[in-house]
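One file, entry-v4.txt, carrying compact mmCIF, C-alpha atoms:
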```
# COMPACT_ATOMS: atom_id res chain seq x y z
CA MET A 1 0.00 0.00 0.00
CA ARG A 2 2.77 2.40 0.93
CA ARG A 3 4.58 1.75 -2.38
CA CYS A 4 1.32 2.38 -4.27
CA PHE A 5 0.77 5.67 -2.40
CA HIS A 6 4.27 6.91 -3.21
CA GLY A 7 3.81 5.89 -6.83
CA LEU A 8 0.51 7.78 -7.04
CA MET A 9 2.06 10.78 -5.33
CA ALA A 10 4.98 10.80 -7.77
CA LEU A 11 2.58 10.47 -10.72
CA GLY A 12 0.49 13.34 -9.34
CA LEU A 13 3.56 15.56 -9.01
CA MET A 14 4.65 14.74 -12.58
CA LEU A 15 1.23 15.61 -13.92
CA ALA A 16 1.05 18.83 -11.89
CA ALA A 17 4.59 19.97 -12.74
CA PRO A 18 3.70 21.71 -16.03
CA ALA A 19 0.90 23.69 -14.34
CA ILE A 20 3.15 24.64 -11.44
CA ALA A 21 5.96 25.67 -13.82
CA GLY A 22 3.55 27.84 -15.82
CA ALA A 23 2.30 29.56 -12.69
CA GLN A 24 5.86 30.21 -11.51
CA SER A 25 7.38 31.04 -14.91
CA GLY A 26 6.94 34.73 -14.28
CA LYS A 27 5.25 35.23 -17.63
CA PRO A 28 4.25 38.89 -17.54
CA THR A 29 0.63 39.89 -17.49
CA ALA A 30 -0.65 42.61 -19.83
CA ALA A 31 -0.42 45.12 -16.96
CA MET A 32 3.17 44.09 -16.22
CA ALA A 33 4.07 44.36 -19.93
CA THR A 34 2.64 47.90 -19.99
CA MET A 35 4.67 48.83 -16.89
CA MET A 36 7.80 47.42 -18.54
CA GLN A 37 7.15 49.35 -21.76
CA ASN A 38 6.55 52.56 -19.79
CA GLY A 39 9.78 52.10 -17.83
CA VAL A 40 11.78 51.50 -21.01
CA ALA A 41 10.11 54.49 -22.73
CA ALA A 42 11.06 56.74 -19.79
CA ALA A 43 14.69 55.53 -19.88
CA LEU A 44 14.86 56.07 -23.65
CA LYS A 45 13.38 59.56 -23.30
CA ASP A 46 15.96 60.46 -20.65
CA SER A 47 18.80 59.16 -22.84
CA ALA A 48 17.59 61.24 -25.80
CA ALA A 49 17.36 64.27 -23.49
CA GLY A 50 21.02 63.69 -22.60
CA TRP A 51 21.94 63.59 -26.30
CA ASN A 52 19.96 66.76 -26.97
CA ALA A 53 21.56 68.56 -24.02
CA GLY A 54 25.04 67.60 -25.20
CA ASN A 55 25.53 65.46 -22.09
CA LEU A 56 27.36 62.28 -23.17
CA ASP A 57 27.26 60.71 -19.69
CA ARG A 58 23.49 61.11 -19.47
CA PHE A 59 23.06 59.78 -23.00
CA VAL A 60 25.03 56.58 -22.33
CA ALA A 61 23.67 56.03 -18.80
CA ILE A 62 20.93 53.90 -20.40
CA TYR A 63 23.56 51.32 -21.40
CA ALA A 64 24.50 48.54 -18.98
CA PRO A 65 28.20 48.55 -18.08
CA ASP A 66 28.51 45.27 -20.02
CA ALA A 67 26.34 46.28 -23.02
CA THR A 68 27.19 45.34 -26.59
CA PHE A 69 26.73 47.80 -29.47
CA VAL A 70 26.75 46.41 -33.02
CA THR A 71 28.42 48.71 -35.56
CA PRO A 72 29.38 48.21 -39.22
CA GLY A 73 32.98 47.84 -38.00
CA GLY A 74 32.21 45.18 -35.40
CA LEU A 75 31.12 44.92 -31.80
CA VAL A 76 31.72 47.66 -29.25
CA GLN A 77 31.80 46.15 -25.76
CA GLY A 78 30.84 48.05 -22.62
CA ARG A 79 29.34 51.43 -21.72
CA ALA A 80 32.75 53.16 -21.62
CA ALA A 81 33.63 51.99 -25.14
CA ILE A 82 30.17 52.97 -26.39
CA ALA A 83 30.71 56.45 -24.92
CA GLU A 84 34.03 56.70 -26.77
CA HIS A 85 32.26 55.67 -29.98
CA TYR A 86 29.83 58.59 -29.59
CA ARG A 87 32.27 61.15 -28.10
CA PRO A 88 33.06 62.87 -31.45
CA SER A 89 29.39 63.94 -31.73
CA PHE A 90 29.58 65.83 -28.43
CA THR A 91 31.45 69.14 -28.54
CA GLY A 92 31.22 72.26 -26.43
CA GLY A 93 28.19 71.14 -24.43
CA THR A 94 26.10 70.33 -27.51
CA ASN A 95 25.58 67.52 -29.94
CA LYS A 96 26.64 68.56 -33.42
CA ARG A 97 24.59 65.88 -35.20
CA GLY A 98 21.16 67.27 -34.27
CA THR A 99 18.19 66.63 -32.01
CA LEU A 100 17.56 62.95 -31.29
CA SER A 101 14.08 61.44 -31.14
CA PHE A 102 12.73 57.91 -31.18
CA GLU A 103 9.52 56.48 -32.61
CA THR A 104 8.74 53.14 -31.00
CA LEU A 105 7.55 50.67 -33.63
CA GLY A 106 6.94 47.69 -31.39
CA SER A 107 8.19 45.68 -28.48
CA ARG A 108 8.15 42.16 -27.17
CA VAL A 109 8.40 41.01 -23.58
CA ILE A 110 11.06 38.32 -23.43
CA SER A 111 10.86 37.73 -19.66
CA PRO A 112 9.85 39.77 -16.61
CA ALA A 113 13.33 41.36 -16.75
CA HIS A 114 13.86 41.62 -20.53
CA LEU A 115 12.13 43.65 -23.22
CA LEU A 116 13.01 43.80 -26.92
CA LEU A 117 12.24 47.14 -28.57
CA TRP A 118 12.16 48.15 -32.24
CA ALA A 119 12.27 51.85 -33.01
CA ARG A 120 13.13 54.46 -35.61
CA TRP A 121 15.68 57.04 -34.51
CA THR A 122 15.83 60.47 -36.11
CA LEU A 123 18.44 63.20 -35.85
CA THR A 124 16.97 66.57 -36.84
CA PRO A 125 19.65 69.17 -37.58
CA ALA A 126 19.41 72.72 -36.23
CA ASP A 127 19.67 74.05 -39.80
CA PRO A 128 16.20 73.62 -41.37
CA ALA A 129 17.81 73.36 -44.82
CA ALA A 130 19.91 70.35 -43.75
CA LYS A 131 18.60 66.85 -44.20
CA ALA A 132 17.60 64.77 -41.16
CA GLU A 133 19.30 61.44 -40.52
CA THR A 134 17.12 58.46 -39.66
CA GLY A 135 17.49 54.75 -39.14
CA MET A 136 16.27 51.68 -37.33
CA THR A 137 17.29 50.26 -33.98
CA THR A 138 16.73 47.01 -32.14
CA LEU A 139 17.38 47.31 -28.42
CA LEU A 140 17.36 44.58 -25.81
CA PHE A 141 16.64 46.00 -22.36
CA GLU A 142 17.26 44.32 -19.04
CA HIS A 143 15.80 45.47 -15.75
CA ARG A 144 18.59 45.90 -13.23
CA PRO A 145 18.63 47.40 -9.71
CA GLU A 146 19.48 50.81 -11.22
CA GLY A 147 16.60 50.58 -13.72
CA TRP A 148 16.10 49.57 -17.36
CA ARG A 149 19.40 49.27 -19.20
CA ILE A 150 20.29 48.41 -22.79
CA ILE A 151 22.31 45.21 -22.94
CA SER A 152 22.33 44.93 -26.74
CA ASP A 153 21.99 47.71 -29.36
CA HIS A 154 21.92 47.13 -33.10
CA SER A 155 21.27 50.45 -34.85
CA SER A 156 21.55 51.25 -38.51
```

Do you think you could lay out the structure here as structure tokens?
Amino acid sequence: MRRCFHGLMALGLMLAAPAIAGAQSGKPTAAMATMMQNGVAAALKDSAAGWNAGNLDRFVAIYAPDATFVTPGGLVQGRAAIAEHYRPSFTGGTNKRGTLSFETLGSRVISPAHLLLWARWTLTPADPAAKAETGMTTLLFEHRPEGWRIISDHSS
């Protein structure tokens, strides 16, 4: 009888395991996804404000210290190296390339701590006769104790 009970108990646990795993998987609810998207949008807005103010440190604060930035020349590893990549655009307390804005095109929740974002970036020059630059970006965000940070950036 005891052996039968243990066998039934083990069978019950095996059958319940998928339901328990689903309940504990941390799959975000719609409300949680909205909160994540809002947090990422606020971080992106603050980064763009840093760019527009000519503040390189504020612009790159959105990157995790161990972030990876994909460029045509290869991978740039780490926030400090990403800052060096962008440093030539920042002179005399301004950004010589124009005003940065983002248009979010979509996002996907990867986990409760990860959000993938697709956006169009635009640099609008101060000179109205000059042509704006624009391109696409795919950003992978991770929620860390200091807030939402980019861990992977592929912009073109």

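Comparing the minimum interatomic distances between A:Asn95 and each of A:Pro125, A:Pro145, A:Pro65, A:Gly54, counting all atoms listed in the file, we find that A:Gly54 sits nearest.
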
Proximity to A:Asp153 - best of A:Ala53, A:Ala48, A:Leu75, A:Leu139, all atoms listed in the file: A:Leu139

Residue neighbourhood A:Ser89, 10 Å, only C-alpha atoms, exclusion window fewer than 6 positions, as a PyMOL selection string: chain A and resi 51+54+56+95-98

Spatial neighbours of A:Gly106, max dist 10 Å, only C-alpha atoms, sep filter under 5 positions, as number ranges by chain: A: 37, 116-119, 138

For C-alpha atoms, I'd like the residues from the last selection saved as a compact mmCIF listing (two decimals), keeping the file's coordinate frame.
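The result, written out as out10.txt:
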```txt
# COMPACT_ATOMS: atom_id res chain seq x y z
CA GLN A 37 7.15 49.35 -21.76
CA LEU A 116 13.01 43.80 -26.92
CA LEU A 117 12.24 47.14 -28.57
CA TRP A 118 12.16 48.15 -32.24
CA ALA A 119 12.27 51.85 -33.01
CA THR A 138 16.73 47.01 -32.14
```

Counting all atoms listed in the file, the option among A:Lys45, A:Glu146, A:Ala64, A:Asn38 closest to A:Gln77: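 Nearest candidate to A:Gln77 out of A:Lys45, A:Glu146, A:Ala64, A:Asn38: A:Ala64.
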
Interatomic distance, atom CA of A:Ala49 to atom CA of A:Gly74 (Å, one decimal):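 Atom CA of A:Gly74 lies at a distance of 27.0 Å from atom CA of A:Ala49.
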